Amino acid sequence: MSPMTREHSPAGVPGPDVAAYYRRRAEGGTGLLITEGVAIDHPTAVDSPRVPRLHGESALAGWRTVVDDVHAAGGRIIPQLWHVGPLWGAMSAVDPALTPMRPSGLWGQVGKTVYPEDYLARASAPTPPMTECDIAEVIAAYVRSARNAVDVGFDGIAIHAGHGYLLDAFLWESTNRRNDSWGGDLRRRTQFPVEVVRAIRREIGPDLPIFYRFSQHKQQDYGARIANTPDELAVVLNALVEAGVDVLDASIRRFDAPAFEGSELTLAGWAKKLTGAISMAVGSVGLDRSLRDAGTPGPADLDGLLRRLEDEEFDLVAIGRLHLADPALATILRDGRPIPAFDRELHERRLH
């Protein structure tokens, strides 16, 4: 199951309803659940008070229940560590005394986005760039939260490093204009995500897997890119794999879209080809269009997906929205039954 923000954890604490939500997917036959984005132990990690966090006794106790319930149902579960970075304040009102973590104090070039004009006007105001102290504190926060995840009993770690959030903001030239060791050319822009991965790997040891979500598109601009060629993508992804990433989670609005001109290979396909690492495809699987496209998504057959799996273009498939339509999605697919219909009401953050 792909991560999906649900906002059902008051004060950041997942309760019995959240545990039941994840348990139902494990009972439905899904082998690995990747949780919604979970706030790391940093004051500007996530701006919604209903997004779960991975620090504090109450939150960790809630996650222990989630993990125990999923394991009892025969599933595995890993948390997606999240820091929104430049997009602090996009989900809800925030404390004006706190400064968002932005590599160069920039929100990024605005393109095709769903953010309203009033927010864009506020967000475009520059803020102080991250200092060396800020960078060290954020890395330490990732490490503390990864340690908490291991202590709670999670089966690995997922890192959200796409969509214009903090780690992705270091990769994106529009948000990283630094000229020190954390910015400049693409290799230096990759250094902060690499150091986060290295620090987490040192903390959790060699055995638990690290999943790393990356993307080309950003919340600020769905047309943005971190790599214009496969060679540029190789610079980023190989550095991350060398640092300790096991699974590259290639987030794209449609999993089967060609990643670069002149090839039908998908983003997940390029990730595997360039690095040799395990890669995971995600994005509108089983749907005929992206949620951001006009109209309500309808069902789509899985023939193309299965062909790519058989060709070993990628290794894993993550499905998000259809897991909301029916918790037993994995069993439905194994049995060859019709794909459940997308349900916008359920998608809009109801627990089911």
# chains A, B, ... in the order shown; residues from 1 in each chain; ligands from 1
$ residues_around --residues "Gly153 of chain A" --least-positions-apart "4" --cutoff "7 Å" --atoms "only C-alpha atoms" --output "ChimeraX atom specification"
/A:64,67,149
$ write_last_selection --atoms "C-alpha atoms" --output "short mmCIF file (atom, residue, chain, number, x, y, z; two decimals), in the first residue's frame"
data_model
loop_
_atom_site.label_atom_id
_atom_site.label_comp_id
_atom_site.auth_asym_id
_atom_site.auth_seq_id
_atom_site.Cartn_x
_atom_site.Cartn_y
_atom_site.Cartn_z
CA ARG A 64 2.93 0.14 18.78
CA VAL A 67 2.33 -2.36 14.32
CA ALA A 149 10.39 3.45 14.48
#
$ residues_around --residues "Arg253 of chain A" --least-positions-apart "5" --cutoff "12 Å" --atoms "only C-alpha atoms" --output "list of chain:residue names"
A:His163, A:Ser215, A:Gln216, A:His217, A:Lys218, A:Gln219, A:Tyr222, A:Gly223, A:Pro258, A:Ala259, A:Thr266, A:Leu267, A:Ala281, A:Val282, A:Gly283, A:Ser284, A:Val285, A:Leu287, A:Asp288, A:Arg289, A:Ser290, A:Leu291, A:Arg292, A:Asp293, A:Ile319, A:Gly320
$ write_last_selection --atoms "N, CA, C and O atoms" --output "JSON list (two decimals), in the first residue's frame"
[["chain", "number", "residue", "atom", "x", "y", "z"],
["A", 163, "HIS", "N", 8.13, 15.31, -4.35],
["A", 163, "HIS", "CA", 6.97, 16.21, -4.38],
["A", 163, "HIS", "C", 7.27, 17.62, -3.89],
["A", 163, "HIS", "O", 6.37, 18.36, -3.53],
["A", 215, "SER", "N", 10.74, 11.83, -6.84],
["A", 215, "SER", "CA", 9.84, 12.21, -7.93],
["A", 215, "SER", "C", 10.52, 13.23, -8.81],
["A", 215, "SER", "O", 11.50, 13.87, -8.40],
["A", 216, "GLN", "N", 9.98, 13.39, -10.00],
["A", 216, "GLN", "CA", 10.33, 14.54, -10.83],
["A", 216, "GLN", "C", 9.41, 15.70, -10.47],
["A", 216, "GLN", "O", 9.86, 16.80, -10.20],
["A", 217, "HIS", "N", 8.10, 15.49, -10.46],
["A", 217, "HIS", "CA", 7.13, 16.57, -10.25],
["A", 217, "HIS", "C", 7.15, 17.09, -8.82],
["A", 217, "HIS", "O", 7.57, 16.39, -7.89],
["A", 218, "LYS", "N", 6.70, 18.30, -8.65],
["A", 218, "LYS", "CA", 6.63, 18.96, -7.33],
["A", 218, "LYS", "C", 5.21, 19.44, -7.09],
["A", 218, "LYS", "O", 4.46, 19.71, -8.04],
["A", 219, "GLN", "N", 4.86, 19.62, -5.83],
["A", 219, "GLN", "CA", 3.59, 20.25, -5.51],
["A", 219, "GLN", "C", 3.56, 21.68, -6.05],
["A", 219, "GLN", "O", 2.51, 22.19, -6.43],
["A", 222, "TYR", "N", 3.83, 20.73, -11.24],
["A", 222, "TYR", "CA", 3.75, 19.34, -11.69],
["A", 222, "TYR", "C", 4.63, 19.07, -12.90],
["A", 222, "TYR", "O", 4.89, 17.91, -13.24],
["A", 223, "GLY", "N", 5.13, 20.10, -13.54],
["A", 223, "GLY", "CA", 6.01, 19.91, -14.68],
["A", 223, "GLY", "C", 7.48, 20.00, -14.35],
["A", 223, "GLY", "O", 8.33, 19.88, -15.24],
["A", 258, "PRO", "N", 6.35, 7.33, -19.87],
["A", 258, "PRO", "CA", 7.78, 7.33, -20.16],
["A", 258, "PRO", "C", 8.48, 8.46, -19.39],
["A", 258, "PRO", "O", 7.98, 9.58, -19.32],
["A", 259, "ALA", "N", 9.64, 8.15, -18.84],
["A", 259, "ALA", "CA", 10.34, 9.13, -18.02],
["A", 259, "ALA", "C", 11.17, 10.10, -18.83],
["A", 259, "ALA", "O", 11.34, 11.26, -18.45],
["A", 266, "THR", "N", 9.74, 3.53, -17.87],
["A", 266, "THR", "CA", 9.13, 4.35, -16.83],
["A", 266, "THR", "C", 10.18, 4.86, -15.85],
["A", 266, "THR", "O", 11.34, 4.43, -15.88],
["A", 267, "LEU", "N", 9.75, 5.73, -14.94],
["A", 267, "LEU", "CA", 10.67, 6.25, -13.94],
["A", 267, "LEU", "C", 11.20, 5.11, -13.06],
["A", 267, "LEU", "O", 12.39, 5.06, -12.74],
["A", 281, "ALA", "N", 7.12, 0.80, -8.58],
["A", 281, "ALA", "CA", 6.29, 1.68, -9.39],
["A", 281, "ALA", "C", 5.04, 2.08, -8.61],
["A", 281, "ALA", "O", 4.48, 1.29, -7.85],
["A", 282, "VAL", "N", 4.61, 3.31, -8.82],
["A", 282, "VAL", "CA", 3.40, 3.81, -8.16],
["A", 282, "VAL", "C", 2.82, 4.93, -9.01],
["A", 282, "VAL", "O", 3.56, 5.62, -9.71],
["A", 283, "GLY", "N", 1.51, 5.07, -8.97],
["A", 283, "GLY", "CA", 0.87, 6.18, -9.66],
["A", 283, "GLY", "C", -0.30, 5.76, -10.52],
["A", 283, "GLY", "O", -0.12, 5.24, -11.63],
["A", 284, "SER", "N", -1.51, 5.90, -10.01],
["A", 284, "SER", "CA", -2.74, 5.63, -10.76],
["A", 284, "SER", "C", -2.83, 4.19, -11.25],
["A", 284, "SER", "O", -3.42, 3.92, -12.30],
["A", 285, "VAL", "N", -2.29, 3.25, -10.50],
["A", 285, "VAL", "CA", -2.40, 1.84, -10.87],
["A", 285, "VAL", "C", -3.86, 1.41, -10.78],
["A", 285, "VAL", "O", -4.53, 1.63, -9.77],
["A", 287, "LEU", "N", -6.29, 2.67, -12.47],
["A", 287, "LEU", "CA", -7.16, 3.80, -12.80],
["A", 287, "LEU", "C", -6.82, 4.30, -14.20],
["A", 287, "LEU", "O", -5.68, 4.19, -14.64],
["A", 288, "ASP", "N", -7.81, 4.87, -14.86],
["A", 288, "ASP", "CA", -7.59, 5.29, -16.24],
["A", 288, "ASP", "C", -7.04, 6.70, -16.37],
["A", 288, "ASP", "O", -6.77, 7.16, -17.48],
["A", 289, "ARG", "N", -6.88, 7.38, -15.25],
["A", 289, "ARG", "CA", -6.32, 8.74, -15.29],
["A", 289, "ARG", "C", -5.83, 9.12, -13.91],
["A", 289, "ARG", "O", -6.22, 8.53, -12.91],
["A", 290, "SER", "N", -4.99, 10.14, -13.87],
["A", 290, "SER", "CA", -4.54, 10.69, -12.60],
["A", 290, "SER", "C", -5.67, 11.47, -11.94],
["A", 290, "SER", "O", -6.57, 11.99, -12.61],
["A", 291, "LEU", "N", -5.63, 11.55, -10.63],
["A", 291, "LEU", "CA", -6.64, 12.29, -9.88],
["A", 291, "LEU", "C", -6.69, 13.75, -10.29],
["A", 291, "LEU", "O", -7.74, 14.40, -10.23],
["A", 292, "ARG", "N", -5.55, 14.31, -10.74],
["A", 292, "ARG", "CA", -5.50, 15.72, -11.10],
["A", 292, "ARG", "C", -6.03, 15.98, -12.51],
["A", 292, "ARG", "O", -6.20, 17.13, -12.91],
["A", 293, "ASP", "N", -6.26, 14.92, -13.28],
["A", 293, "ASP", "CA", -6.82, 15.10, -14.61],
["A", 293, "ASP", "C", -8.32, 15.36, -14.52],
["A", 293, "ASP", "O", -8.96, 15.09, -13.49],
["A", 319, "ILE", "N", 0.06, 0.55, -4.55],
["A", 319, "ILE", "CA", -1.26, 1.05, -4.95],
["A", 319, "ILE", "C", -1.83, 1.87, -3.79],
["A", 319, "ILE", "O", -1.84, 1.40, -2.65],
["A", 320, "GLY", "N", -2.30, 3.07, -4.12],
["A", 320, "GLY", "CA", -2.84, 3.94, -3.10],
["A", 320, "GLY", "C", -4.35, 3.96, -3.10],
["A", 320, "GLY", "O", -5.00, 3.31, -2.30]]
$ closest_residue --among "A:Glu345, A:Asp256, A:Asp326, A:Asp249" --to "Arg25 of chain A" --atoms "only C-alpha atoms"
A:Asp326
$ residues_around --residues "Asn238 of chain A" --least-positions-apart "3" --cutoff "12 Å" --atoms "only C-alpha atoms" --output "tab-separated table (two decimals) with N, CA and C atoms, in the first residue's frame"
chain	number	residue	atom	x	y	z
A	187	ARG	N	25.45	16.99	-8.13
A	187	ARG	CA	26.07	16.11	-7.14
A	187	ARG	C	26.05	16.76	-5.75
A	190	THR	N	22.65	16.83	-4.18
A	190	THR	CA	22.24	15.51	-3.68
A	190	THR	C	22.80	15.22	-2.29
A	191	GLN	N	23.74	16.02	-1.82
A	191	GLN	CA	24.48	15.68	-0.61
A	191	GLN	C	23.62	15.63	0.65
A	194	VAL	N	21.64	12.43	0.79
A	194	VAL	CA	22.61	11.35	1.02
A	194	VAL	C	22.99	11.29	2.50
A	230	PRO	N	18.74	10.59	-18.33
A	230	PRO	CA	19.07	9.44	-17.49
A	230	PRO	C	20.39	9.61	-16.76
A	231	ASP	N	21.38	10.22	-17.40
A	231	ASP	CA	22.67	10.40	-16.75
A	231	ASP	C	22.54	11.27	-15.50
A	232	GLU	N	21.72	12.31	-15.58
A	232	GLU	CA	21.51	13.15	-14.40
A	232	GLU	C	20.79	12.37	-13.30
A	233	LEU	N	19.79	11.59	-13.67
A	233	LEU	CA	19.09	10.78	-12.68
A	233	LEU	C	20.04	9.78	-12.02
A	234	ALA	N	20.98	9.24	-12.79
A	234	ALA	CA	21.95	8.29	-12.26
A	234	ALA	C	22.81	8.93	-11.17
A	235	VAL	N	23.17	10.19	-11.34
A	235	VAL	CA	23.97	10.89	-10.33
A	235	VAL	C	23.26	10.86	-8.98
A	241	VAL	N	21.74	5.07	-3.29
A	241	VAL	CA	21.89	3.62	-3.08
A	241	VAL	C	23.21	3.34	-2.36
A	242	GLU	N	24.27	4.03	-2.75
A	242	GLU	CA	25.55	3.85	-2.07
A	242	GLU	C	25.46	4.25	-0.60
A	243	ALA	N	24.60	5.21	-0.29
A	243	ALA	CA	24.44	5.68	1.09
A	243	ALA	C	23.63	4.71	1.94
A	244	GLY	N	22.86	3.80	1.31
A	244	GLY	CA	22.13	2.83	2.10
A	244	GLY	C	20.69	2.58	1.72
A	245	VAL	N	20.21	3.18	0.61
A	245	VAL	CA	18.84	2.93	0.16
A	245	VAL	C	18.75	1.54	-0.46
A	246	ASP	N	17.70	0.80	-0.10
A	246	ASP	CA	17.46	-0.53	-0.66
A	246	ASP	C	16.43	-0.52	-1.78
A	247	VAL	N	15.38	0.30	-1.63
A	247	VAL	CA	14.26	0.30	-2.58
A	247	VAL	C	14.00	1.73	-3.03
A	248	LEU	N	14.00	1.94	-4.33
A	248	LEU	CA	13.72	3.25	-4.91
A	248	LEU	C	12.25	3.31	-5.30
A	270	TRP	N	13.75	3.14	-15.11
A	270	TRP	CA	15.06	3.79	-15.16
A	270	TRP	C	15.80	3.65	-13.82
A	271	ALA	N	15.07	3.74	-12.71
A	271	ALA	CA	15.71	3.61	-11.40
A	271	ALA	C	16.42	2.27	-11.28
A	272	LYS	N	15.74	1.21	-11.72
A	272	LYS	CA	16.35	-0.12	-11.65
A	272	LYS	C	17.51	-0.26	-12.63
A	273	LYS	N	17.30	0.22	-13.85
A	273	LYS	CA	18.33	0.10	-14.88
A	273	LYS	C	19.61	0.84	-14.50
A	274	LEU	N	19.46	2.02	-13.93
A	274	LEU	CA	20.61	2.87	-13.63
A	274	LEU	C	21.37	2.44	-12.39
A	275	THR	N	20.70	1.79	-11.45
A	275	THR	CA	21.33	1.49	-10.16
A	275	THR	C	21.45	0.01	-9.86
A	276	GLY	N	20.59	-0.82	-10.45
A	276	GLY	CA	20.54	-2.23	-10.07
A	276	GLY	C	19.79	-2.48	-8.79
A	277	ALA	N	19.29	-1.43	-8.16
A	277	ALA	CA	18.54	-1.57	-6.90
A	277	ALA	C	17.11	-2.02	-7.18
$ closest_residue --among "A:Ala90, A:Ile157, A:Val152, A:Ala123" --to "Gly105 of chain A" --atoms "only C-alpha atoms"
A:Ala123
$ select_by_dssp --residues "segment 85-247 of chain A" --states "helix (DSSP H, G or I)" --output "MDAnalysis selection string"
chainID A and resid 85:87 117:123 132:152 166:171 186:189 191:204 230:243
$ select_by_dssp --residues "segment 109-352 of chain A" --states "strand (DSSP E)" --output "list in words"
Ile157, Ala158, Ile159, His160, Ile210, Phe211, Tyr212, Arg213, Phe214, Ser215, Val247, Leu248, Asp249, Ala250, Ser251, Ile278, Ser279, Met280, Ala281, Val282, Leu316, Val317 and Ala318 of chain A
$ atom_distance --atom1 "atom CA of Tyr142 of chain A" --atom2 "atom CA of Arg53 of chain A"
11.8 Å
$ residues_around --residues "Glu7 of chain A" --least-positions-apart "2" --cutoff "8 Å" --atoms "only C-alpha atoms" --output "VMD selection string"
chain A and resid 5 9 to 10 48 50 to 52 349
$ closest_residue --among "A:Val236, A:Ala318, A:Ile159, A:Ala11" --to "Gly56 of chain A" --atoms "only C-alpha atoms"
A:Ala11
$ closest_residue --among "A:Val138, A:Ala250, A:Ala199, A:Leu324" --to "Ala45 of chain A" --atoms "only C-alpha atoms"
A:Val138
$ decode --residues "segment 125-214 of chain A" --atoms "C-alpha atoms" --output "short mmCIF file (atom, residue, chain, number, x, y, z; two decimals), in the first residue's frame"
data_model
loop_
_atom_site.label_atom_id
_atom_site.label_comp_id
_atom_site.auth_asym_id
_atom_site.auth_seq_id
_atom_site.Cartn_x
_atom_site.Cartn_y
_atom_site.Cartn_z
CA ALA A 125 7.94 35.59 0.26
CA PRO A 126 11.60 34.59 0.82
CA THR A 127 12.63 33.26 4.24
CA PRO A 128 16.10 32.81 5.74
CA PRO A 129 18.03 29.94 4.12
CA MET A 130 18.81 26.91 6.25
CA THR A 131 21.97 27.31 8.30
CA GLU A 132 24.54 24.61 9.02
CA CYS A 133 22.91 24.31 12.44
CA ASP A 134 19.48 23.86 10.84
CA ILE A 135 20.84 21.14 8.59
CA ALA A 136 22.47 19.27 11.46
CA GLU A 137 19.30 19.51 13.56
CA VAL A 138 17.09 18.14 10.78
CA ILE A 139 19.45 15.21 10.15
CA ALA A 140 19.41 14.46 13.87
CA ALA A 141 15.60 14.60 13.85
CA TYR A 142 15.45 12.02 11.06
CA VAL A 143 17.77 9.78 13.06
CA ARG A 144 15.72 10.07 16.28
CA SER A 145 12.52 9.26 14.45
CA ALA A 146 14.10 6.30 12.65
CA ARG A 147 15.29 4.96 15.99
CA ASN A 148 11.80 5.40 17.43
CA ALA A 149 10.39 3.45 14.48
CA VAL A 150 12.75 0.56 15.09
CA ASP A 151 11.99 0.55 18.82
CA VAL A 152 8.24 0.51 18.11
CA GLY A 153 8.68 -2.59 15.95
CA PHE A 154 8.30 -1.32 12.38
CA ASP A 155 9.77 -3.55 9.67
CA GLY A 156 11.89 -0.90 7.98
CA ILE A 157 11.98 2.81 7.13
CA ALA A 158 10.52 4.79 4.24
CA ILE A 159 11.72 8.32 3.51
CA HIS A 160 9.52 10.85 1.69
CA ALA A 161 11.95 12.72 -0.52
CA GLY A 162 9.72 13.76 -3.41
CA HIS A 163 6.97 16.21 -4.38
CA GLY A 164 8.88 19.37 -3.41
CA TYR A 165 9.25 18.50 0.27
CA LEU A 166 12.49 19.10 2.16
CA LEU A 167 14.87 16.48 0.77
CA ASP A 168 13.52 17.04 -2.73
CA ALA A 169 13.97 20.79 -2.29
CA PHE A 170 17.72 20.26 -2.02
CA LEU A 171 17.69 18.36 -5.33
CA TRP A 172 15.53 20.86 -7.21
CA GLU A 173 17.53 23.71 -8.71
CA SER A 174 14.59 26.11 -8.26
CA THR A 175 14.66 25.76 -4.45
CA ASN A 176 18.38 25.12 -3.96
CA ARG A 177 20.48 28.11 -5.02
CA ARG A 178 23.21 27.49 -2.46
CA ASN A 179 26.89 27.73 -3.41
CA ASP A 180 28.34 25.73 -0.50
CA SER A 181 28.78 21.97 -0.07
CA TRP A 182 24.97 21.57 0.01
CA GLY A 183 24.30 23.20 -3.36
CA GLY A 184 25.64 24.11 -6.75
CA ASP A 185 25.88 21.25 -9.24
CA LEU A 186 23.60 18.24 -9.09
CA ARG A 187 26.07 16.11 -7.14
CA ARG A 188 26.32 18.71 -4.38
CA ARG A 189 22.55 19.23 -4.36
CA THR A 190 22.24 15.51 -3.68
CA GLN A 191 24.48 15.68 -0.61
CA PHE A 192 21.83 16.52 1.98
CA PRO A 193 19.53 13.59 1.10
CA VAL A 194 22.61 11.35 1.02
CA GLU A 195 23.64 12.44 4.52
CA VAL A 196 20.12 11.81 5.84
CA VAL A 197 20.17 8.28 4.42
CA ARG A 198 23.68 7.61 5.74
CA ALA A 199 22.74 8.78 9.21
CA ILE A 200 19.61 6.64 9.29
CA ARG A 201 21.52 3.60 8.02
CA ARG A 202 24.13 4.00 10.73
CA GLU A 203 21.40 4.23 13.35
CA ILE A 204 19.22 1.29 12.31
CA GLY A 205 21.98 -1.07 11.16
CA PRO A 206 22.37 -3.09 7.96
CA ASP A 207 19.37 -5.41 8.11
CA LEU A 208 16.19 -3.32 7.99
CA PRO A 209 15.28 -1.99 4.53
CA ILE A 210 15.22 1.70 3.64
CA PHE A 211 12.68 2.76 0.99
CA TYR A 212 13.26 6.15 -0.65
CA ARG A 213 10.47 8.00 -2.47
CA PHE A 214 11.66 10.36 -5.18
#
